[in-house]
Amino acid sequence: MAKAFSRPKALSTTHTHYCPGCTHGIVHRLVAEAIDDLGIQEKTVGIAPVGCAVLAYNYFDCDFQEAAHGRAPAMATGIKRVRPDLMVFTYQGDGDLASIGMGEIIHAANRGEKFTTIFINNAIYGMTGGQMAPTTMPGQRATTAPLGGTRPRPACPSAWPTCWANWSPRICHPPGRAQTPAGQQGQKKPLSRRFNIKWKTGASVLWKWFPPVPPTGA
Amino acid sequence: MAKVLMKGNEAIGEAAIRAGCKNYFAYPITPQSEVAEYLSKRLPEEGGVFLQGESEVAVGYMIFGAAGAGERVMTTSSSPGISLMSEALSYIAAAQCPAVFVNIMRGGPGLGGILPSQGDYFQATKGGGHGDYHLLVLAPDGVQEAVEMTMQAFTLAEKYRNPVMIMGDGLIGQMMEPVEFPDGLKTEPTNKDDWATNGMAHRNSKKRNLVKSLFLDPTALNDNNLALKAKYAQMKKEEVQYELVNADTDYQVLITSYGTMSRVCRTAIDMLKEEGIEVAMLRPKTLFPFPEKAVFDASGKESCQAVISIEMSMGQMVEDVERCVKGRRPVEFYGECGGDIPSPEKIIEIIKALL
């Protein structure tokens, strides 16, 4: 009988340290499935961020480098430029990518670097304990925004990838939601396609949206 | 091979290619931008990678990525740019990756100036970035030595899996001198399959490699830092380089000086000799590891009344000199740091005042 469901080869057997309800594990699996689908596990190098996913290399079974906070796109650029035969991806949260690493991701995209970025947005600094991020929603409480995040333009925080996509044709992908089975399945094909295309062409940002903490400050 | 007349910055770029480095990432900054200009033309001819990054911060991590993937890689910058790269240097040293950084020093602190300086001695030898790490630091005194040290740097970086820094200055970068590129200094890259993220398929292995600097387990972090310490101890044992000038005489004063400044001191020593005054110089060629024993020994000569460290700084290497002389001779200092290089006449005046 054909096996219908199993652990992706590109995923290790290590139990994750992620909190209950967190969808990092699901996104890891989707990425691993894409790597398996394309048969590129042995040519893949991932870059781990600073943040909750800093230990991502414990959960993927492929070569990995660990970046300083926000610098994953620069490291991916370095690897891909000197070894264009490798498939390179970064895996970054919103503090890492949309705050301290904004410069690196924008310039990597503008140069058309040939790697893929998985952007995980939970609207907060998770690992350090819930401080305000540039993606924090209006009214959302954080340990450094006890009265609720205050932003003059409510649409901005959650719209970084959309802004970038409008700004550069080299960044494109509709946001995905990882917290429902339908959302997960909806991501799988685009993810494989994105890995395959961007391996050969230019940088891409995939956006995974986690439900933020409900705004309670307003 | 015949000598060619080259600007220091361009010669450093060419030396990297001759050493088998095909990958260069950089950001423009005076007085070293000619390295990038030169390599932007030369590297494509060699089938190599030239990339101008968006900042020195990013370039530091491009170097980290490329080095972690197991390829020979270099960047060049000048003092303020090296400050921005210092974060990456800490990570690269911690993750034990080989890479070559060239600092064509200019005056500081802050934006400082664009003229030659030796104000980054502390930064290069004592850290710069955070944590317990050292760079292996080479200090050439001219264009020829800059070429040779650049070529040797790749071999040393791979031997120790540690970043190597070449400490030039604006004068070495900008002046032209006749140079040759010794073929004998080119080495084959080491096999990096046991640690580099060069792809499992590339090394025909089922075991993945990790390049990282995070050790949450205190024992693991302690062990990693002890491994770094053992490498630094080996460097101190095997890599110390220095030159002694006029040291076979009964010298009355021992100068310690390096790089461009040592060239002026050399002239002053010749001029003083004509007046019958013997002065010796110890010129460190490696700033880390520092020639500790050589400084101790040279300062101990019976005829030697004083040691003076002469630098284009407010007094940085002098602290290491004092440490190594261990109090058995007075240690003096003279330095200028605005960008003007002290003249031989000025050095002579300073030396005579010590006698």
# chains A, B, ... in the order shown; residues from 1 in each chain; ligands from 1

call {"tool": "residues_around", "arguments": {"residues": "stretch 305-310 of chain B", "least_positions_apart": "4", "cutoff": "7 Å", "atoms": "only C-alpha atoms", "output": "PyMOL selection string"}}
result
chain B and resi 252-257+299+318+329-335

call {"tool": "write_last_selection", "arguments": {"atoms": "N, CA and C atoms", "output": "PDB file, in the first residue's frame"}}
result
ATOM      1  N   GLN B 252      71.646  52.563  21.867  1.00  0.00           N
ATOM      2  CA  GLN B 252      71.295  53.243  23.120  1.00  0.00           C
ATOM      3  C   GLN B 252      69.780  53.313  23.314  1.00  0.00           C
ATOM      4  N   VAL B 253      69.084  53.309  22.181  1.00  0.00           N
ATOM      5  CA  VAL B 253      67.617  53.404  22.231  1.00  0.00           C
ATOM      6  C   VAL B 253      67.034  52.332  21.324  1.00  0.00           C
ATOM      7  N   LEU B 254      65.957  51.732  21.782  1.00  0.00           N
ATOM      8  CA  LEU B 254      65.232  50.772  20.951  1.00  0.00           C
ATOM      9  C   LEU B 254      63.886  51.396  20.557  1.00  0.00           C
ATOM     10  N   ILE B 255      63.695  51.535  19.245  1.00  0.00           N
ATOM     11  CA  ILE B 255      62.394  52.020  18.752  1.00  0.00           C
ATOM     12  C   ILE B 255      61.509  50.817  18.477  1.00  0.00           C
ATOM     13  N   THR B 256      60.238  50.918  18.825  1.00  0.00           N
ATOM     14  CA  THR B 256      59.267  49.960  18.313  1.00  0.00           C
ATOM     15  C   THR B 256      58.311  50.742  17.428  1.00  0.00           C
ATOM     16  N   SER B 257      58.133  50.257  16.214  1.00  0.00           N
ATOM     17  CA  SER B 257      57.292  50.954  15.260  1.00  0.00           C
ATOM     18  C   SER B 257      56.881  49.966  14.171  1.00  0.00           C
ATOM     19  N   SER B 299      64.867  44.829  24.429  1.00  0.00           N
ATOM     20  CA  SER B 299      64.913  45.934  25.396  1.00  0.00           C
ATOM     21  C   SER B 299      65.937  45.666  26.491  1.00  0.00           C
ATOM     22  N   VAL B 318      52.086  51.040  22.169  1.00  0.00           N
ATOM     23  CA  VAL B 318      52.983  51.260  23.312  1.00  0.00           C
ATOM     24  C   VAL B 318      52.516  50.481  24.548  1.00  0.00           C
ATOM     25  N   ARG B 329      63.184  48.735  31.446  1.00  0.00           N
ATOM     26  CA  ARG B 329      63.677  49.964  30.818  1.00  0.00           C
ATOM     27  C   ARG B 329      62.508  50.947  30.789  1.00  0.00           C
ATOM     28  N   PRO B 330      62.809  52.249  30.840  1.00  0.00           N
ATOM     29  CA  PRO B 330      61.704  53.201  30.660  1.00  0.00           C
ATOM     30  C   PRO B 330      61.132  53.081  29.252  1.00  0.00           C
ATOM     31  N   VAL B 331      59.799  53.114  29.145  1.00  0.00           N
ATOM     32  CA  VAL B 331      59.148  53.045  27.835  1.00  0.00           C
ATOM     33  C   VAL B 331      58.502  54.393  27.537  1.00  0.00           C
ATOM     34  N   GLU B 332      58.962  55.012  26.461  1.00  0.00           N
ATOM     35  CA  GLU B 332      58.444  56.319  26.072  1.00  0.00           C
ATOM     36  C   GLU B 332      57.549  56.163  24.849  1.00  0.00           C
ATOM     37  N   PHE B 333      56.863  57.259  24.529  1.00  0.00           N
ATOM     38  CA  PHE B 333      55.993  57.223  23.346  1.00  0.00           C
ATOM     39  C   PHE B 333      56.075  58.527  22.594  1.00  0.00           C
ATOM     40  N   TYR B 334      56.064  58.425  21.272  1.00  0.00           N
ATOM     41  CA  TYR B 334      55.842  59.621  20.460  1.00  0.00           C
ATOM     42  C   TYR B 334      54.867  59.258  19.329  1.00  0.00           C
ATOM     43  N   GLY B 335      53.907  60.124  19.100  1.00  0.00           N
ATOM     44  CA  GLY B 335      52.971  59.851  18.020  1.00  0.00           C
ATOM     45  C   GLY B 335      52.324  61.099  17.477  1.00  0.00           C
TER      46      GLY B 335
END

call {"tool": "select_by_dssp", "arguments": {"residues": "stretch 77-132 of chain A", "states": "helix (DSSP H, G or I)", "output": "list of chain:residue names"}}
result
A:Thr77, A:Gly78, A:Ile79, A:Lys80, A:Arg81, A:Val82, A:Asp94, A:Gly95, A:Asp96, A:Leu97, A:Ala98, A:Ser99, A:Ile100, A:Met102, A:Gly103, A:Glu104, A:Ile105, A:Ile106, A:His107, A:Ala108, A:Ala109, A:Asn110, A:Arg111

call {"tool": "residues_around", "arguments": {"residues": "stretch 74-86 of chain A", "least_positions_apart": "5", "cutoff": "8 Å", "atoms": "only C-alpha atoms", "output": "PyMOL selection string"}}
result
(chain A and resi 43-45+47+67+104-105+108+113-115) or (chain B and resi 23+49+58-59+61-69+71+198-199)

call {"tool": "write_last_selection", "arguments": {"atoms": "N, CA, C and O atoms", "output": "short mmCIF file (atom, residue, chain, number, x, y, z; two decimals), in the first residue's frame"}}
result
data_model
loop_
_atom_site.label_atom_id
_atom_site.label_comp_id
_atom_site.auth_asym_id
_atom_site.auth_seq_id
_atom_site.Cartn_x
_atom_site.Cartn_y
_atom_site.Cartn_z
N LYS A 43 21.56 19.95 -1.85
CA LYS A 43 22.14 21.17 -2.43
C LYS A 43 21.65 22.40 -1.70
O LYS A 43 21.86 23.52 -2.14
N THR A 44 20.92 22.19 -0.60
CA THR A 44 20.27 23.31 0.08
C THR A 44 21.11 23.83 1.26
O THR A 44 21.66 23.05 2.02
N VAL A 45 21.18 25.16 1.37
CA VAL A 45 21.75 25.79 2.55
C VAL A 45 20.72 26.76 3.10
O VAL A 45 20.26 27.66 2.39
N ILE A 47 19.53 29.63 6.11
CA ILE A 47 20.11 30.61 7.03
C ILE A 47 19.09 30.85 8.14
O ILE A 47 17.97 31.28 7.87
N ALA A 67 22.75 33.40 11.23
CA ALA A 67 23.08 34.81 10.98
C ALA A 67 23.05 35.61 12.28
O ALA A 67 22.49 35.18 13.28
N GLU A 104 18.97 44.96 4.59
CA GLU A 104 19.55 43.81 3.90
C GLU A 104 18.53 43.17 2.94
O GLU A 104 18.88 42.82 1.82
N ILE A 105 17.28 43.02 3.39
CA ILE A 105 16.31 42.33 2.52
C ILE A 105 15.97 43.20 1.31
O ILE A 105 15.85 42.71 0.19
N ALA A 108 18.97 43.14 -1.12
CA ALA A 108 19.12 41.83 -1.76
C ALA A 108 18.07 41.69 -2.86
O ALA A 108 18.36 41.24 -3.98
N GLU A 113 18.96 39.08 -6.02
CA GLU A 113 19.71 37.91 -5.55
C GLU A 113 18.84 36.66 -5.69
O GLU A 113 17.63 36.69 -5.47
N LYS A 114 19.48 35.55 -5.99
CA LYS A 114 18.73 34.33 -6.31
C LYS A 114 18.57 33.42 -5.10
O LYS A 114 19.08 32.30 -5.08
N PHE A 115 17.92 33.94 -4.07
CA PHE A 115 17.58 33.08 -2.94
C PHE A 115 16.16 33.38 -2.50
O PHE A 115 15.54 34.35 -2.95
N ASN B 23 36.73 35.73 -4.88
CA ASN B 23 35.50 36.32 -4.36
C ASN B 23 35.80 37.54 -3.51
O ASN B 23 36.60 37.48 -2.58
N VAL B 49 33.86 36.53 -8.50
CA VAL B 49 32.69 37.26 -8.04
C VAL B 49 33.13 38.62 -7.48
O VAL B 49 33.94 38.69 -6.56
N ALA B 58 26.43 44.90 5.78
CA ALA B 58 26.02 43.79 4.91
C ALA B 58 27.23 43.07 4.35
O ALA B 58 27.26 41.83 4.29
N VAL B 59 28.25 43.82 3.95
CA VAL B 59 29.43 43.19 3.36
C VAL B 59 30.08 42.22 4.35
O VAL B 59 30.48 41.12 3.98
N TYR B 61 28.69 40.39 6.42
CA TYR B 61 27.94 39.12 6.44
C TYR B 61 27.97 38.41 5.10
O TYR B 61 27.81 37.19 5.04
N MET B 62 28.18 39.13 4.02
CA MET B 62 28.41 38.46 2.73
C MET B 62 29.71 37.66 2.82
O MET B 62 29.80 36.52 2.36
N ILE B 63 30.70 38.27 3.48
CA ILE B 63 31.98 37.56 3.68
C ILE B 63 31.73 36.32 4.55
O ILE B 63 32.24 35.23 4.26
N PHE B 64 30.96 36.49 5.60
CA PHE B 64 30.65 35.37 6.51
C PHE B 64 29.98 34.23 5.73
O PHE B 64 30.39 33.07 5.82
N GLY B 65 28.96 34.58 4.94
CA GLY B 65 28.24 33.56 4.17
C GLY B 65 29.17 32.83 3.21
O GLY B 65 29.19 31.60 3.16
N ALA B 66 29.95 33.60 2.46
CA ALA B 66 30.84 33.00 1.46
C ALA B 66 31.91 32.15 2.13
O ALA B 66 32.22 31.04 1.67
N ALA B 67 32.46 32.65 3.24
CA ALA B 67 33.49 31.89 3.96
C ALA B 67 32.88 30.61 4.54
O ALA B 67 33.50 29.55 4.50
N GLY B 68 31.65 30.74 5.06
CA GLY B 68 30.97 29.57 5.62
C GLY B 68 30.68 28.51 4.58
O GLY B 68 30.60 27.32 4.87
N ALA B 69 30.52 28.96 3.32
CA ALA B 69 30.28 28.02 2.22
C ALA B 69 31.60 27.42 1.72
O ALA B 69 31.61 26.63 0.79
N GLU B 71 34.49 29.02 0.53
CA GLU B 71 35.25 29.64 -0.56
C GLU B 71 36.21 30.69 -0.02
O GLU B 71 35.92 31.36 0.96
N ASN B 198 28.95 23.63 2.17
CA ASN B 198 29.15 23.61 0.71
C ASN B 198 28.20 22.66 0.01
O ASN B 198 28.35 22.38 -1.18
N GLY B 199 27.21 22.16 0.75
CA GLY B 199 26.22 21.26 0.16
C GLY B 199 26.61 19.80 0.35
O GLY B 199 27.73 19.41 0.07
#

call {"tool": "residues_around", "arguments": {"residues": "A:Met102", "least_positions_apart": "4", "cutoff": "12 Å", "atoms": "only C-alpha atoms", "output": "MDAnalysis selection string"}}
result
(chainID A and resid 69:74 92:98 106:109 119 134 160:161 164) or (chainID B and resid 54 58)

call {"tool": "select_by_dssp", "arguments": {"residues": "stretch 3-102 of chain A", "states": "strand (DSSP E or B)", "output": "list in words"}}
result
Leu11, Thr44, Val45, Gly46, Ile47, Ala48, Phe60, Asp63, Phe64, Gln65, Glu66, Met87, Val88, Phe89, Thr90, Tyr91, Gln92 and Gly93 of chain A

call {"tool": "write_last_selection", "arguments": {"atoms": "N, CA and C atoms", "output": "compact mmCIF listing (two decimals), in the first residue's frame"}}
result
# COMPACT_ATOMS: atom_id res chain seq x y z
N LEU A 11 13.32 17.20 6.95
CA LEU A 11 13.03 17.57 8.34
C LEU A 11 13.70 16.56 9.26
N THR A 44 20.92 22.19 -0.60
CA THR A 44 20.27 23.31 0.08
C THR A 44 21.11 23.83 1.26
N VAL A 45 21.18 25.16 1.37
CA VAL A 45 21.75 25.79 2.55
C VAL A 45 20.72 26.76 3.10
N GLY A 46 20.32 26.57 4.36
CA GLY A 46 19.38 27.49 5.00
C GLY A 46 20.15 28.48 5.87
N ILE A 47 19.53 29.63 6.11
CA ILE A 47 20.11 30.61 7.03
C ILE A 47 19.09 30.85 8.14
N ALA A 48 19.52 30.60 9.37
CA ALA A 48 18.64 30.82 10.52
C ALA A 48 18.77 32.27 10.98
N PHE A 60 15.78 21.17 10.56
CA PHE A 60 15.96 20.85 9.14
C PHE A 60 17.17 19.94 8.99
N ASP A 63 22.38 21.56 5.16
CA ASP A 63 23.40 22.51 5.62
C ASP A 63 22.72 23.80 6.10
N PHE A 64 23.27 24.40 7.14
CA PHE A 64 22.67 25.62 7.69
C PHE A 64 23.76 26.56 8.19
N GLN A 65 23.51 27.85 8.03
CA GLN A 65 24.33 28.86 8.69
C GLN A 65 23.41 29.68 9.60
N GLU A 66 24.03 30.28 10.60
CA GLU A 66 23.27 31.07 11.57
C GLU A 66 23.72 32.52 11.46
N MET A 87 21.03 25.77 -3.44
CA MET A 87 19.72 26.40 -3.22
C MET A 87 19.77 27.04 -1.84
N VAL A 88 19.61 28.34 -1.78
CA VAL A 88 19.79 29.07 -0.53
C VAL A 88 18.47 29.70 -0.10
N PHE A 89 18.12 29.51 1.16
CA PHE A 89 16.93 30.21 1.67
C PHE A 89 17.20 30.77 3.05
N THR A 90 16.53 31.88 3.36
CA THR A 90 16.58 32.42 4.71
C THR A 90 15.20 32.25 5.34
N TYR A 91 15.18 32.20 6.65
CA TYR A 91 13.93 31.99 7.40
C TYR A 91 13.93 33.04 8.50
N GLN A 92 13.08 34.07 8.37
CA GLN A 92 13.20 35.23 9.26
C GLN A 92 11.86 35.68 9.82
N GLY A 93 11.91 36.14 11.06
CA GLY A 93 10.72 36.72 11.67
C GLY A 93 10.59 38.20 11.38

call {"tool": "atom_distance", "arguments": {"atom1": "atom CA of A:Tyr125", "atom2": "atom CA of B:Thr197"}}
result
28.7 Å

call {"tool": "residues_around", "arguments": {"residues": "B:Gly276", "least_positions_apart": "4", "cutoff": "12 Å", "atoms": "only C-alpha atoms", "output": "list in words"}}
result
Thr249, Asp250, Tyr251, Gln252, Ile269, Asp270, Met271, Leu272 and Lys352 of chain B

call {"tool": "write_last_selection", "arguments": {"atoms": "N, CA, C and O atoms", "output": "tab-separated table (two decimals), in the first residue's frame"}}
result
chain	number	residue	atom	x	y	z
B	249	THR	N	74.22	46.30	16.88
B	249	THR	CA	75.10	47.35	17.43
B	249	THR	C	74.86	47.49	18.93
B	249	THR	O	73.93	46.88	19.48
B	250	ASP	N	75.67	48.31	19.58
B	250	ASP	CA	75.40	48.64	20.99
B	250	ASP	C	74.46	49.84	21.02
B	250	ASP	O	74.84	50.96	21.32
B	251	TYR	N	73.21	49.56	20.66
B	251	TYR	CA	72.25	50.66	20.53
B	251	TYR	C	71.87	51.23	21.89
B	251	TYR	O	71.76	50.52	22.89
B	252	GLN	N	71.65	52.56	21.87
B	252	GLN	CA	71.29	53.24	23.12
B	252	GLN	C	69.78	53.31	23.31
B	252	GLN	O	69.30	53.42	24.43
B	269	ILE	N	67.13	56.25	11.77
B	269	ILE	CA	68.19	55.40	12.34
B	269	ILE	C	69.47	55.54	11.51
B	269	ILE	O	70.57	55.67	12.05
B	270	ASP	N	69.32	55.54	10.17
B	270	ASP	CA	70.48	55.71	9.27
B	270	ASP	C	71.13	57.07	9.50
B	270	ASP	O	72.36	57.20	9.55
B	271	MET	N	70.31	58.11	9.62
B	271	MET	CA	70.85	59.46	9.80
B	271	MET	C	71.57	59.59	11.14
B	271	MET	O	72.63	60.22	11.24
B	272	LEU	N	71.00	58.97	12.18
B	272	LEU	CA	71.63	59.03	13.50
B	272	LEU	C	72.96	58.28	13.50
B	272	LEU	O	73.92	58.67	14.16
B	352	LYS	N	67.08	62.13	20.41
B	352	LYS	CA	68.18	62.85	21.08
B	352	LYS	C	67.76	63.34	22.46
B	352	LYS	O	68.56	63.38	23.39

call {"tool": "residues_around", "arguments": {"residues": "B:Lys126", "least_positions_apart": "3", "cutoff": "12 Å", "atoms": "only C-alpha atoms", "output": "ChimeraX atom specification"}}
result
/B:86,90,120-123,129-137,287-290,316-317,319-320

call {"tool": "closest_residue", "arguments": {"among": "A:Ser6, A:Thr143, A:Thr14, A:Asn110", "to": "chain B", "atoms": "only C-alpha atoms"}}
result
A:Asn110
